[in-house]
file upload_2.txt (compact mmCIF, C-alpha atoms and all ligand atoms)
# COMPACT_ATOMS: atom_id res chain seq x y z
CA MET A 515 -126.51 35.95 79.04
CA ASN A 516 -130.11 35.19 78.25
CA PRO A 517 -130.56 31.50 79.14
CA ALA A 518 -133.86 31.21 77.26
CA PRO A 519 -133.82 29.40 73.91
CA ALA A 520 -133.65 31.59 70.82
CA ARG A 521 -134.86 31.17 67.26
CA ALA A 522 -134.19 32.80 63.89
CA PHE A 523 -135.60 32.32 60.39
CA ALA A 524 -133.56 33.21 57.30
CA PRO A 525 -135.03 33.24 53.79
CA GLY A 526 -133.54 31.67 50.68
CA ARG A 527 -132.79 33.68 47.56
CA CYS A 528 -133.80 33.41 43.92
CA THR A 529 -131.65 35.10 41.29
CA LEU A 530 -133.47 36.93 38.50
CA VAL A 531 -130.43 37.70 36.34
CA GLY A 532 -126.72 37.60 37.24
CA GLU A 533 -125.65 33.98 37.70
CA HIS A 534 -122.00 32.94 37.97
CA VAL A 535 -120.80 36.53 38.10
CA ASP A 536 -120.64 37.20 41.85
CA TYR A 537 -117.08 35.81 42.05
CA ALA A 538 -116.12 37.84 38.97
CA ASP A 539 -116.97 41.41 40.08
CA GLY A 540 -120.39 41.21 38.41
CA VAL A 541 -123.89 42.55 39.09
CA VAL A 542 -126.75 40.36 40.35
CA VAL A 543 -130.49 41.05 40.58
CA CYS A 544 -132.25 38.73 43.02
CA ILE A 545 -135.01 38.42 45.60
CA ALA A 546 -135.28 36.79 49.01
CA VAL A 547 -138.07 34.18 48.96
CA GLN A 548 -140.68 33.06 51.46
CA LEU A 549 -139.04 29.64 51.88
CA GLY A 550 -136.21 29.45 54.35
CA VAL A 551 -134.44 27.83 57.28
CA THR A 552 -135.36 28.11 60.98
CA VAL A 553 -132.72 27.52 63.64
CA ASP A 554 -133.42 27.06 67.37
CA VAL A 555 -130.56 27.22 69.84
CA ARG A 556 -130.35 26.65 73.60
CA PRO A 557 -127.47 26.26 76.00
CA ALA A 558 -126.42 22.63 76.58
CA ALA A 559 -123.73 20.73 78.45
CA ARG A 560 -121.72 20.36 75.23
CA ASP A 561 -122.06 21.39 71.55
CA ALA A 562 -124.53 19.02 69.90
CA ALA A 563 -123.23 17.18 66.84
CA VAL A 564 -124.41 19.57 64.14
CA GLY A 565 -123.52 19.65 60.46
CA PRO A 566 -120.44 21.44 59.11
CA LEU A 567 -122.22 24.72 58.31
CA PRO A 568 -123.71 25.43 61.77
CA ALA A 569 -120.42 24.30 63.34
CA ALA A 570 -118.48 26.67 61.05
CA THR A 571 -120.86 29.50 61.98
CA LEU A 572 -120.35 28.90 65.72
CA GLN A 573 -116.58 28.95 65.11
CA ALA A 574 -116.85 32.22 63.17
CA LEU A 575 -118.88 33.80 66.00
CA ARG A 576 -116.32 32.62 68.57
CA GLU A 577 -113.46 33.95 66.40
CA ARG A 578 -115.26 37.29 66.54
CA GLY A 579 -114.87 37.21 70.30
CA LEU A 580 -118.43 36.29 71.25
CA ALA A 581 -118.73 34.03 74.29
CA VAL A 582 -120.87 31.38 72.59
CA PRO A 583 -121.67 28.64 75.14
CA PRO A 584 -122.04 24.97 74.17
CA LEU A 585 -125.34 24.72 72.30
CA ASP A 586 -128.10 22.38 71.33
CA ILE A 587 -129.17 23.32 67.78
CA ARG A 588 -132.39 22.34 65.96
CA ILE A 589 -132.86 23.02 62.25
CA THR A 590 -136.12 22.98 60.33
CA ALA A 591 -136.47 24.11 56.73
CA THR A 592 -139.07 24.85 54.10
CA LEU A 593 -136.19 25.44 51.68
CA PRO A 594 -134.66 22.24 50.29
CA ALA A 595 -130.87 21.78 50.32
CA GLY A 596 -129.12 21.73 46.95
CA ALA A 597 -131.98 23.39 45.06
CA GLY A 598 -129.98 26.46 44.02
CA LEU A 599 -131.98 28.67 46.40
CA SER A 600 -129.22 29.43 48.95
CA SER A 601 -130.14 26.98 51.67
CA SER A 602 -126.51 26.96 52.90
CA ALA A 603 -126.33 30.72 53.34
CA ALA A 604 -129.78 30.74 54.98
CA LEU A 605 -128.61 28.06 57.43
CA CYS A 606 -125.42 29.94 58.37
CA CYS A 607 -127.21 33.30 58.68
CA ALA A 608 -130.10 31.87 60.72
CA THR A 609 -127.64 30.10 63.04
CA ALA A 610 -125.70 33.32 63.57
CA VAL A 611 -128.82 35.39 64.33
CA ALA A 612 -130.28 32.76 66.67
CA VAL A 613 -126.99 32.82 68.64
CA LEU A 614 -126.88 36.64 68.64
CA ARG A 615 -130.42 36.65 70.06
CA LEU A 616 -129.47 34.11 72.70
CA LEU A 617 -126.58 36.35 73.75
CA GLY A 618 -128.59 39.59 73.47
CA GLU A 619 -126.00 40.87 70.97
CA SER A 620 -126.32 42.62 67.60
CA ILE A 621 -124.09 42.98 64.54
CA PRO A 622 -124.04 45.31 61.49
CA ALA A 623 -125.72 43.74 58.42
CA ARG A 624 -122.54 43.80 56.32
CA GLU A 625 -120.57 42.09 59.06
CA LEU A 626 -123.17 39.33 59.26
CA CYS A 627 -122.79 38.78 55.49
CA ASP A 628 -119.00 38.60 55.87
CA LEU A 629 -119.22 36.30 58.89
CA ALA A 630 -121.55 33.85 57.11
CA LEU A 631 -119.34 33.91 53.98
CA HIS A 632 -116.24 33.31 56.12
CA ALA A 633 -117.97 30.37 57.82
CA GLU A 634 -119.10 28.70 54.59
CA ARG A 635 -116.14 29.49 52.33
CA ASP A 636 -113.11 29.67 54.61
CA ILE A 637 -114.07 27.36 57.50
CA ALA A 638 -116.37 24.81 55.80
CA GLY A 639 -114.36 25.03 52.55
CA VAL A 640 -117.20 25.57 50.05
CA PRO A 641 -115.82 27.74 47.20
CA CYS A 642 -118.89 30.03 47.02
CA GLY A 643 -118.95 33.71 46.05
CA PRO A 644 -120.52 36.53 48.11
CA LEU A 645 -123.98 36.52 46.48
CA ASP A 646 -126.02 34.20 48.66
CA GLN A 647 -125.21 35.67 52.08
CA ARG A 648 -125.85 39.23 50.86
CA ALA A 649 -129.14 38.27 49.23
CA VAL A 650 -130.32 36.46 52.37
CA VAL A 651 -129.42 39.38 54.65
CA LEU A 652 -129.77 42.55 52.57
CA SER A 653 -132.87 41.90 50.42
CA PRO A 654 -135.41 44.68 50.95
CA ALA A 655 -138.67 44.19 52.84
CA ASP A 656 -140.43 44.58 49.52
CA GLY A 657 -138.93 44.33 46.03
CA ALA A 658 -135.73 43.02 44.47
CA LEU A 659 -132.08 43.57 45.38
CA VAL A 660 -129.40 44.79 42.97
CA LEU A 661 -125.93 43.75 44.15
CA ASP A 662 -122.74 45.10 42.66
CA CYS A 663 -120.07 42.56 43.57
CA ARG A 664 -117.24 44.87 42.46
CA ASP A 665 -117.85 47.63 44.99
CA GLY A 666 -120.27 45.89 47.37
CA GLY A 667 -123.15 48.21 46.42
CA ALA A 668 -126.68 47.05 47.30
CA ARG A 669 -129.89 48.81 46.30
CA ALA A 670 -133.57 47.95 46.11
CA VAL A 671 -135.75 48.08 43.00
CA PRO A 672 -139.52 47.50 42.92
CA TRP A 673 -141.06 44.13 42.07
CA LEU A 674 -143.51 43.66 39.20
CA ASP A 675 -147.14 43.91 40.33
CA GLY A 676 -149.11 40.81 39.43
CA TYR A 677 -146.12 38.56 38.68
CA VAL A 678 -144.65 35.61 40.59
CA LEU A 679 -141.83 33.15 40.02
CA ALA A 680 -142.88 29.57 39.32
CA ALA A 681 -140.03 27.32 40.48
CA CYS A 682 -139.58 23.60 39.98
CA HIS A 683 -136.81 21.36 41.32
CA THR A 684 -135.36 19.08 38.65
CA GLY A 685 -134.80 16.28 41.13
CA VAL A 686 -131.02 16.52 40.81
CA THR A 687 -129.28 18.10 43.78
CA HIS A 688 -126.52 20.50 42.80
CA ASP A 689 -123.29 20.88 44.75
CA VAL A 690 -121.34 24.14 45.01
CA GLY A 691 -118.49 22.12 46.56
CA GLY A 692 -118.41 19.85 43.50
CA ASP A 693 -116.04 19.83 40.53
CA GLY A 694 -118.23 21.76 38.08
CA TYR A 695 -118.44 24.90 40.20
CA ARG A 696 -114.74 24.84 41.12
CA THR A 697 -113.79 24.36 37.47
CA ARG A 698 -115.92 27.33 36.35
CA ARG A 699 -114.29 29.54 38.95
CA ALA A 700 -110.81 28.45 37.82
CA GLU A 701 -111.78 29.05 34.17
CA ALA A 702 -113.05 32.55 35.01
CA ASP A 703 -109.72 33.34 36.68
CA ALA A 704 -107.77 31.90 33.74
CA ALA A 705 -109.81 33.94 31.23
CA LEU A 706 -109.18 37.14 33.20
CA ALA A 707 -105.45 36.38 33.30
CA LEU A 708 -105.39 35.84 29.51
CA LEU A 709 -107.22 39.14 29.05
CA GLY A 710 -104.60 40.86 31.18
CA ALA A 711 -107.40 42.76 32.93
CA ARG A 712 -107.83 43.50 36.64
CA SER A 713 -111.61 43.08 36.55
CA PHE A 714 -114.21 41.65 34.16
CA ARG A 715 -115.93 45.03 34.50
CA ASP A 716 -113.08 46.52 32.44
CA VAL A 717 -113.56 43.92 29.65
CA THR A 718 -115.66 44.70 26.54
CA PRO A 719 -117.85 42.04 24.85
CA GLN A 720 -115.51 42.16 21.84
CA GLN A 721 -112.45 41.52 24.04
CA ALA A 722 -114.25 38.66 25.80
CA ARG A 723 -115.11 36.99 22.47
CA SER A 724 -111.52 37.23 21.25
CA VAL A 725 -109.81 35.44 24.16
CA GLY A 726 -107.32 33.03 22.49
CA ASP A 727 -108.72 29.83 24.03
CA PRO A 728 -112.26 29.17 22.66
CA LEU A 729 -113.59 27.63 25.89
CA LEU A 730 -112.28 30.53 27.98
CA ALA A 731 -113.71 32.97 25.41
CA ARG A 732 -117.17 31.44 26.00
CA ARG A 733 -116.76 31.71 29.78
CA ALA A 734 -115.63 35.36 29.54
CA THR A 735 -118.47 36.16 27.14
CA HIS A 736 -121.02 34.82 29.62
CA ILE A 737 -119.56 36.81 32.52
CA VAL A 738 -119.42 40.10 30.60
CA SER A 739 -122.84 39.72 28.94
CA GLU A 740 -124.54 38.52 32.16
CA THR A 741 -123.57 41.65 34.05
CA ALA A 742 -124.85 43.77 31.14
CA ARG A 743 -128.14 41.83 31.32
CA ALA A 744 -128.35 42.27 35.11
CA LEU A 745 -127.92 46.03 34.81
CA GLU A 746 -130.62 46.10 32.14
CA CYS A 747 -132.87 43.92 34.33
CA ALA A 748 -132.51 46.39 37.23
CA GLU A 749 -133.56 49.19 34.89
CA ALA A 750 -136.49 47.17 33.52
CA LEU A 751 -137.71 46.47 37.08
CA ALA A 752 -137.44 50.16 37.94
CA ASN A 753 -139.56 50.90 34.84
CA GLY A 754 -142.10 48.12 35.57
CA ASP A 755 -141.19 46.48 32.23
CA ALA A 756 -142.07 42.85 32.95
CA VAL A 757 -141.70 41.76 29.32
CA ARG A 758 -138.07 42.91 29.21
CA VAL A 759 -137.29 41.25 32.58
CA GLY A 760 -138.63 37.98 31.16
CA GLU A 761 -136.59 38.30 27.96
CA LEU A 762 -133.45 38.93 29.98
CA MET A 763 -134.12 35.86 32.15
CA SER A 764 -134.42 33.66 29.07
CA ALA A 765 -131.28 35.22 27.56
CA SER A 766 -129.47 34.53 30.85
CA HIS A 767 -130.48 30.87 30.63
CA ALA A 768 -129.28 30.58 27.02
CA SER A 769 -125.89 32.01 28.03
CA LEU A 770 -125.60 29.70 31.07
CA ARG A 771 -126.50 26.75 28.81
CA ASP A 772 -124.38 27.54 25.75
CA ALA A 773 -121.47 29.70 26.94
CA TYR A 774 -121.03 28.74 30.60
CA GLU A 775 -122.26 25.16 30.11
CA VAL A 776 -123.82 24.70 33.56
CA SER A 777 -127.32 23.65 32.50
CA THR A 778 -128.70 20.11 32.26
CA PRO A 779 -131.26 18.50 29.89
CA ALA A 780 -133.82 18.55 32.73
CA LEU A 781 -133.29 22.27 33.41
CA ASP A 782 -133.53 23.01 29.65
CA ALA A 783 -136.75 20.97 29.42
CA ALA A 784 -138.36 22.77 32.39
CA VAL A 785 -137.35 26.17 30.98
CA ALA A 786 -138.69 25.33 27.51
CA ALA A 787 -141.95 24.03 29.01
CA ALA A 788 -142.44 27.23 31.02
CA GLU A 789 -141.65 29.45 28.05
CA GLY A 790 -144.48 27.77 26.10
CA VAL A 791 -147.14 28.70 28.68
CA GLU A 792 -149.44 31.70 28.17
CA GLY A 793 -148.51 34.45 30.63
CA CYS A 794 -144.92 33.26 31.09
CA LEU A 795 -142.47 35.98 30.09
CA GLY A 796 -139.16 34.11 30.53
CA ALA A 797 -137.43 31.31 32.41
CA ARG A 798 -134.00 30.14 33.50
CA LEU A 799 -131.99 27.94 35.80
CA VAL A 800 -131.27 29.43 39.22
CA GLY A 801 -128.13 29.10 41.34
CA ALA A 802 -124.99 27.27 40.31
CA GLY A 803 -126.69 24.90 37.83
CA PHE A 804 -125.63 21.25 37.28
CA GLY A 805 -129.10 20.41 38.64
CA GLY A 806 -131.25 22.31 41.10
CA THR A 807 -134.19 24.48 40.16
CA ALA A 808 -135.69 26.14 37.08
CA VAL A 809 -137.67 29.34 37.62
CA ALA A 810 -140.13 31.20 35.40
CA LEU A 811 -141.57 34.72 35.50
CA VAL A 812 -145.32 34.36 35.05
CA ASP A 813 -148.42 36.47 35.62
CA ALA A 814 -150.52 35.41 38.60
CA LEU A 815 -153.41 34.31 36.37
CA HIS A 816 -151.28 31.58 34.81
CA ASP A 817 -148.96 30.63 37.68
CA GLU A 818 -150.47 27.22 38.41
CA ALA A 819 -150.58 26.34 34.70
CA CYS A 820 -146.92 27.26 34.41
CA LEU A 821 -145.97 25.11 37.40
CA ALA A 822 -147.98 22.19 36.02
CA SER A 823 -146.27 22.47 32.65
CA MET A 824 -142.79 22.56 34.24
CA ARG A 825 -143.61 19.53 36.38
CA ALA A 826 -144.93 17.63 33.37
CA ALA A 827 -141.56 18.22 31.66
CA LEU A 828 -139.82 16.62 34.69
CA PRO A 829 -141.74 13.40 35.23
CA GLY A 830 -139.12 11.85 37.52
CA ALA A 831 -138.83 14.93 39.71
CA ALA A 832 -142.35 15.10 41.11
CA GLY A 833 -142.12 15.48 44.85
CA ARG A 834 -138.74 17.24 44.92
CA GLY A 835 -140.58 20.53 45.13
CA ALA A 836 -142.49 23.07 43.07
CA TRP A 837 -143.28 26.48 44.47
CA LEU A 838 -144.64 29.91 43.63
CA LEU A 839 -141.92 32.22 44.92
CA VAL A 840 -142.61 35.84 45.85
CA PRO A 841 -140.28 38.62 47.03
CA SER A 842 -139.92 38.40 50.82
CA PRO A 843 -138.02 40.41 53.43
CA GLY A 844 -134.33 39.71 53.91
CA LEU A 845 -132.97 38.78 57.33
CA ALA A 846 -131.91 42.33 58.24
CA ALA A 847 -135.53 43.46 57.74
CA LEU A 848 -136.79 40.48 59.79
CA ALA A 849 -134.35 40.75 62.69
CA PRO A 850 -133.67 44.42 63.50
CA ASP A 851 -133.04 43.36 67.13
CA ALA A 852 -129.92 41.39 66.09
CA ILE A 853 -128.86 43.16 62.86
CA ARG A 854 -127.94 46.83 62.77
CA ALA A 855 -128.19 48.89 59.56
C1 LIG A 901 -123.93 29.44 44.17
C2 LIG A 901 -122.83 30.19 44.92
C3 LIG A 901 -122.94 31.69 44.66
C4 LIG A 901 -123.02 32.00 43.16
C5 LIG A 901 -124.07 31.12 42.48
C6 LIG A 901 -124.06 31.27 40.98
O1 LIG A 901 -125.18 29.76 44.69
O2 LIG A 901 -122.92 29.95 46.31
O3 LIG A 901 -121.86 32.36 45.25
O4 LIG A 901 -121.76 31.85 42.55
O5 LIG A 901 -123.88 29.74 42.79
O6 LIG A 901 -124.47 32.54 40.63
call {"tool": "encode", "arguments": {"input": "upload_2.txt", "output": "structure tokens"}}
result
Amino acid sequence: MNPAPARAFAPGRCTLVGEHVDYADGVVVCIAVQLGVTVDVRPAARDAAVGPLPAATLQALRERGLAVPPLDIRITATLPAGAGLSSSAALCCATAVAVLRLLGESIPARELCDLALHAERDIAGVPCGPLDQRAVVLSPADGALVLDCRDGGARAVPWLDGYVLAACHTGVTHDVGGDGYRTRRAEADAALALLGARSFRDVTPQQARSVGDPLLARRATHIVSETARALECAEALANGDAVRVGELMSASHASLRDAYEVSTPALDAAVAAAEGVEGCLGARLVGAGFGGTAVALVDALHDEACLASMRAALPGAAGRGAWLLVPSPGLAALAPDAIRA
């Protein structure tokens, strides 16, 4: 074993289109961002008291048969927790890679995604889907990632030259372990059962709209239409069609607000403010909703104006964070020593 301390940085992720579909066989288009979580580990006399996510990750590594010694763990982050930008997945993935480096071990990228999901969902008990871990690990060195959560497919599409994502925290921390997220997942399952379908990918928009229970019909309509938008977004990125990407982001927000009902007045205000700025092509909430961050696609000439306008719409939230996010390499691209293709 290498007794020297080891460090790993994992990026957060920002969804472009494809929210609340990862646990329903859907398609997601997202990027890894430059903000992230850094984890330092070094052998110690006993495991330091760390939070539930690093502890769950150590357990998952030990379950895998790795001889993980007692560790001292230090965490620093440029990515805030509860912002909807995958800080939890970044923390689990960075912890795992720091430990792999300490041990001089490596792991296939897909297995790292599964290990981090197992740690967060099964050991720590957060009912998350598979999106965040895959985005953190598999995002390309340059460009956006298209994830198919039905068959596990992952492919890269180019980013839009001259565009960035202006992101602003609403000041309300969201909670994937909270009631809202659990309820949406249960409603998605109930809608699928009423449809008598094996997968939402087999459900047409017309079938989704005609689910007997009106609330479940809205939930099913979001899931089916959001995957259609994500597929169109992937095509628009491949064609360099920034205007269409922006339209799809705004349509995604409207569906999350009206059909899935996971937005908040603050998120709606930040989105509306961004959409009114010259050079902004579309905006939406990012992550699970119920708080967290709003994000806008804007040309680089107007990025600061867009951020300022979003912040002005959220007077109480100043200081919780506003950033210009750009596509950044995923963890597999950053750590080829510890993550095999
Ligand atoms: C959270 C979850 C993800 C996904 C998103 C919504 O980030 O961890 O699995 O469901 O919400 O798209």
call {"tool": "closest_residue", "arguments": {"input": "upload_2.txt", "among": "A:Ala524, A:Ala810, A:Ala797, A:Val678", "to": "A:Leu593", "atoms": "only C-alpha atoms"}}
result
A:Ala524
call {"tool": "residues_near_point", "arguments": {"input": "upload_2.txt", "point": "(-118.4, 46.1, 56.4)", "cutoff": "12 Å", "atoms": "all atoms listed in the file", "output": "mmCIF file with C-alpha atoms, keeping the file's coordinate frame"}}
result
data_model
loop_
_atom_site.group_PDB
_atom_site.id
_atom_site.type_symbol
_atom_site.label_atom_id
_atom_site.label_comp_id
_atom_site.auth_asym_id
_atom_site.auth_seq_id
_atom_site.Cartn_x
_atom_site.Cartn_y
_atom_site.Cartn_z
ATOM 1 C CA ILE A 621 -124.090 42.980 64.540
ATOM 2 C CA PRO A 622 -124.040 45.310 61.490
ATOM 3 C CA ALA A 623 -125.720 43.740 58.420
ATOM 4 C CA ARG A 624 -122.540 43.800 56.320
ATOM 5 C CA GLU A 625 -120.570 42.090 59.060
ATOM 6 C CA LEU A 626 -123.170 39.330 59.260
ATOM 7 C CA CYS A 627 -122.790 38.780 55.490
ATOM 8 C CA ASP A 628 -119.000 38.600 55.870
ATOM 9 C CA LEU A 629 -119.220 36.300 58.890
ATOM 10 C CA ARG A 648 -125.850 39.230 50.860
ATOM 11 C CA ASP A 665 -117.850 47.630 44.990
ATOM 12 C CA GLY A 666 -120.270 45.890 47.370
ATOM 13 C CA GLY A 667 -123.150 48.210 46.420
ATOM 14 C CA ARG A 854 -127.940 46.830 62.770
ATOM 15 C CA ALA A 855 -128.190 48.890 59.560
#
call {"tool": "closest_residue", "arguments": {"input": "upload_2.txt", "among": "A:Thr697, A:Ser739, A:Ser602, A:Gln573", "to": "A:Gln647", "atoms": "all atoms listed in the file"}}
result
A:Ser602
call {"tool": "atom_distance", "arguments": {"input": "upload_2.txt", "atom1": "atom CA of A:Ala670", "atom2": "atom CA of A:Cys606"}}
result
23.3 Å
call {"tool": "closest_atom_pairs", "arguments": {"input": "upload_2.txt", "of": "chain A", "to": "ligand LIG 901 (chain A)", "cutoff": "10 Å", "atoms": "all atoms listed in the file", "output": "Markdown table"}}
result
| residue | atom | partner | partner_atom | distance |
| --- | --- | --- | --- | --- |
| A:Arg527 | CA | A:LIG901 | O1 | 9.0 |
| A:Cys528 | CA | A:LIG901 | O1 | 9.4 |
| A:Thr529 | CA | A:LIG901 | O6 | 7.7 |
| A:Val531 | CA | A:LIG901 | O6 | 9.0 |
| A:Gly532 | CA | A:LIG901 | O6 | 6.5 |
| A:Glu533 | CA | A:LIG901 | O6 | 3.5 |
| A:His534 | CA | A:LIG901 | O6 | 3.7 |
| A:Val535 | CA | A:LIG901 | O6 | 6.0 |
| A:Asp536 | CA | A:LIG901 | O4 | 5.5 |
| A:Tyr537 | CA | A:LIG901 | O4 | 6.2 |
| A:Ala538 | CA | A:LIG901 | O4 | 9.0 |
| A:Gly540 | CA | A:LIG901 | O6 | 9.8 |
| A:Val542 | CA | A:LIG901 | O6 | 8.2 |
| A:Gly596 | CA | A:LIG901 | O1 | 9.2 |
| A:Ala597 | CA | A:LIG901 | O1 | 9.3 |
| A:Gly598 | CA | A:LIG901 | O1 | 5.9 |
| A:Leu599 | CA | A:LIG901 | O1 | 7.1 |
| A:Ser600 | CA | A:LIG901 | O1 | 5.9 |
| A:Ser601 | CA | A:LIG901 | O1 | 9.0 |
| A:Ser602 | CA | A:LIG901 | O2 | 8.1 |
| A:Ala603 | CA | A:LIG901 | O2 | 7.9 |
| A:Leu631 | CA | A:LIG901 | O3 | 9.2 |
| A:Glu634 | CA | A:LIG901 | O2 | 9.2 |
| A:Arg635 | CA | A:LIG901 | O2 | 9.1 |
| A:Val640 | CA | A:LIG901 | O2 | 8.1 |
| A:Pro641 | CA | A:LIG901 | O2 | 7.5 |
| A:Cys642 | CA | A:LIG901 | O2 | 4.1 |
| A:Gly643 | CA | A:LIG901 | O3 | 3.3 |
| A:Pro644 | CA | A:LIG901 | O3 | 5.2 |
| A:Leu645 | CA | A:LIG901 | O3 | 4.8 |
| A:Asp646 | CA | A:LIG901 | C3 | 5.6 |
| A:Gln647 | CA | A:LIG901 | O3 | 8.3 |
| A:Arg648 | CA | A:LIG901 | O3 | 9.7 |
| A:His688 | CA | A:LIG901 | C1 | 9.4 |
| A:Asp689 | CA | A:LIG901 | C1 | 8.6 |
| A:Val690 | CA | A:LIG901 | C1 | 6.0 |
| A:Gly691 | CA | A:LIG901 | O2 | 9.0 |
| A:Tyr695 | CA | A:LIG901 | O5 | 7.7 |
| A:Arg698 | CA | A:LIG901 | O4 | 9.6 |
| A:Arg699 | CA | A:LIG901 | O4 | 8.6 |
| A:Val776 | CA | A:LIG901 | C6 | 9.9 |
| A:Val800 | CA | A:LIG901 | O6 | 7.6 |
| A:Gly801 | CA | A:LIG901 | O1 | 4.5 |
| A:Ala802 | CA | A:LIG901 | O5 | 3.7 |
| A:Gly803 | CA | A:LIG901 | O5 | 7.5 |
call {"tool": "residues_around", "arguments": {"input": "upload_2.txt", "residues": "A:Arg758", "least_positions_apart": "4", "cutoff": "8 Å", "atoms": "all atoms listed in the file", "output": "list in words"}}
result
Cys747, Ala750 and Leu762 of chain A
call {"tool": "axis_aligned_box", "arguments": {"input": "upload_2.txt", "around": "stretch 828-845 of chain A", "padding_each_side": "6 Å", "output": "AutoDock Vina command-line options"}}
result
--center_x -138.8 --center_y 26.1 --center_z 46.0 --size_x 23.7 --size_y 40.6 --size_z 34.6
call {"tool": "closest_residue", "arguments": {"input": "upload_2.txt", "among": "A:Asp716, A:Asp782, A:Asp727, A:Asp662", "to": "A:Ala748", "atoms": "only C-alpha atoms"}}
result
A:Asp662
call {"tool": "closest_residue", "arguments": {"input": "upload_2.txt", "among": "A:Gly726, A:Gly830, A:Gly805, A:Gly793", "to": "A:Asp817", "atoms": "all atoms listed in the file"}}
result
A:Gly793
call {"tool": "atom_distance", "arguments": {"input": "upload_2.txt", "atom1": "atom CA of A:Arg588", "atom2": "atom CA of A:Val564"}}
result
8.6 Å
call {"tool": "closest_residue", "arguments": {"input": "upload_2.txt", "among": "A:Asp851, A:Glu789, A:Glu619, A:Glu775", "to": "A:Val809", "atoms": "only C-alpha atoms"}}
result
A:Glu789
call {"tool": "residues_near_point", "arguments": {"input": "upload_2.txt", "point": "(-144.3, 52.1, 37.5)", "cutoff": "12 Å", "atoms": "all atoms listed in the file", "output": "PDB file with C-alpha atoms, in the frame of the given file"}}
result
ATOM      1  CA  VAL A 671    -135.750  48.080  43.000  1.00  0.00           C
ATOM      2  CA  PRO A 672    -139.520  47.500  42.920  1.00  0.00           C
ATOM      3  CA  TRP A 673    -141.060  44.130  42.070  1.00  0.00           C
ATOM      4  CA  LEU A 674    -143.510  43.660  39.200  1.00  0.00           C
ATOM      5  CA  ASP A 675    -147.140  43.910  40.330  1.00  0.00           C
ATOM      6  CA  GLU A 749    -133.560  49.190  34.890  1.00  0.00           C
ATOM      7  CA  ALA A 750    -136.490  47.170  33.520  1.00  0.00           C
ATOM      8  CA  LEU A 751    -137.710  46.470  37.080  1.00  0.00           C
ATOM      9  CA  ALA A 752    -137.440  50.160  37.940  1.00  0.00           C
ATOM     10  CA  ASN A 753    -139.560  50.900  34.840  1.00  0.00           C
ATOM     11  CA  GLY A 754    -142.100  48.120  35.570  1.00  0.00           C
ATOM     12  CA  ASP A 755    -141.190  46.480  32.230  1.00  0.00           C
ATOM     13  CA  ALA A 756    -142.070  42.850  32.950  1.00  0.00           C
TER      14      ALA A 756
END
call {"tool": "atom_distance", "arguments": {"input": "upload_2.txt", "atom1": "atom CA of A:Ala786", "atom2": "atom CA of A:Ala658"}}
result
24.7 Å
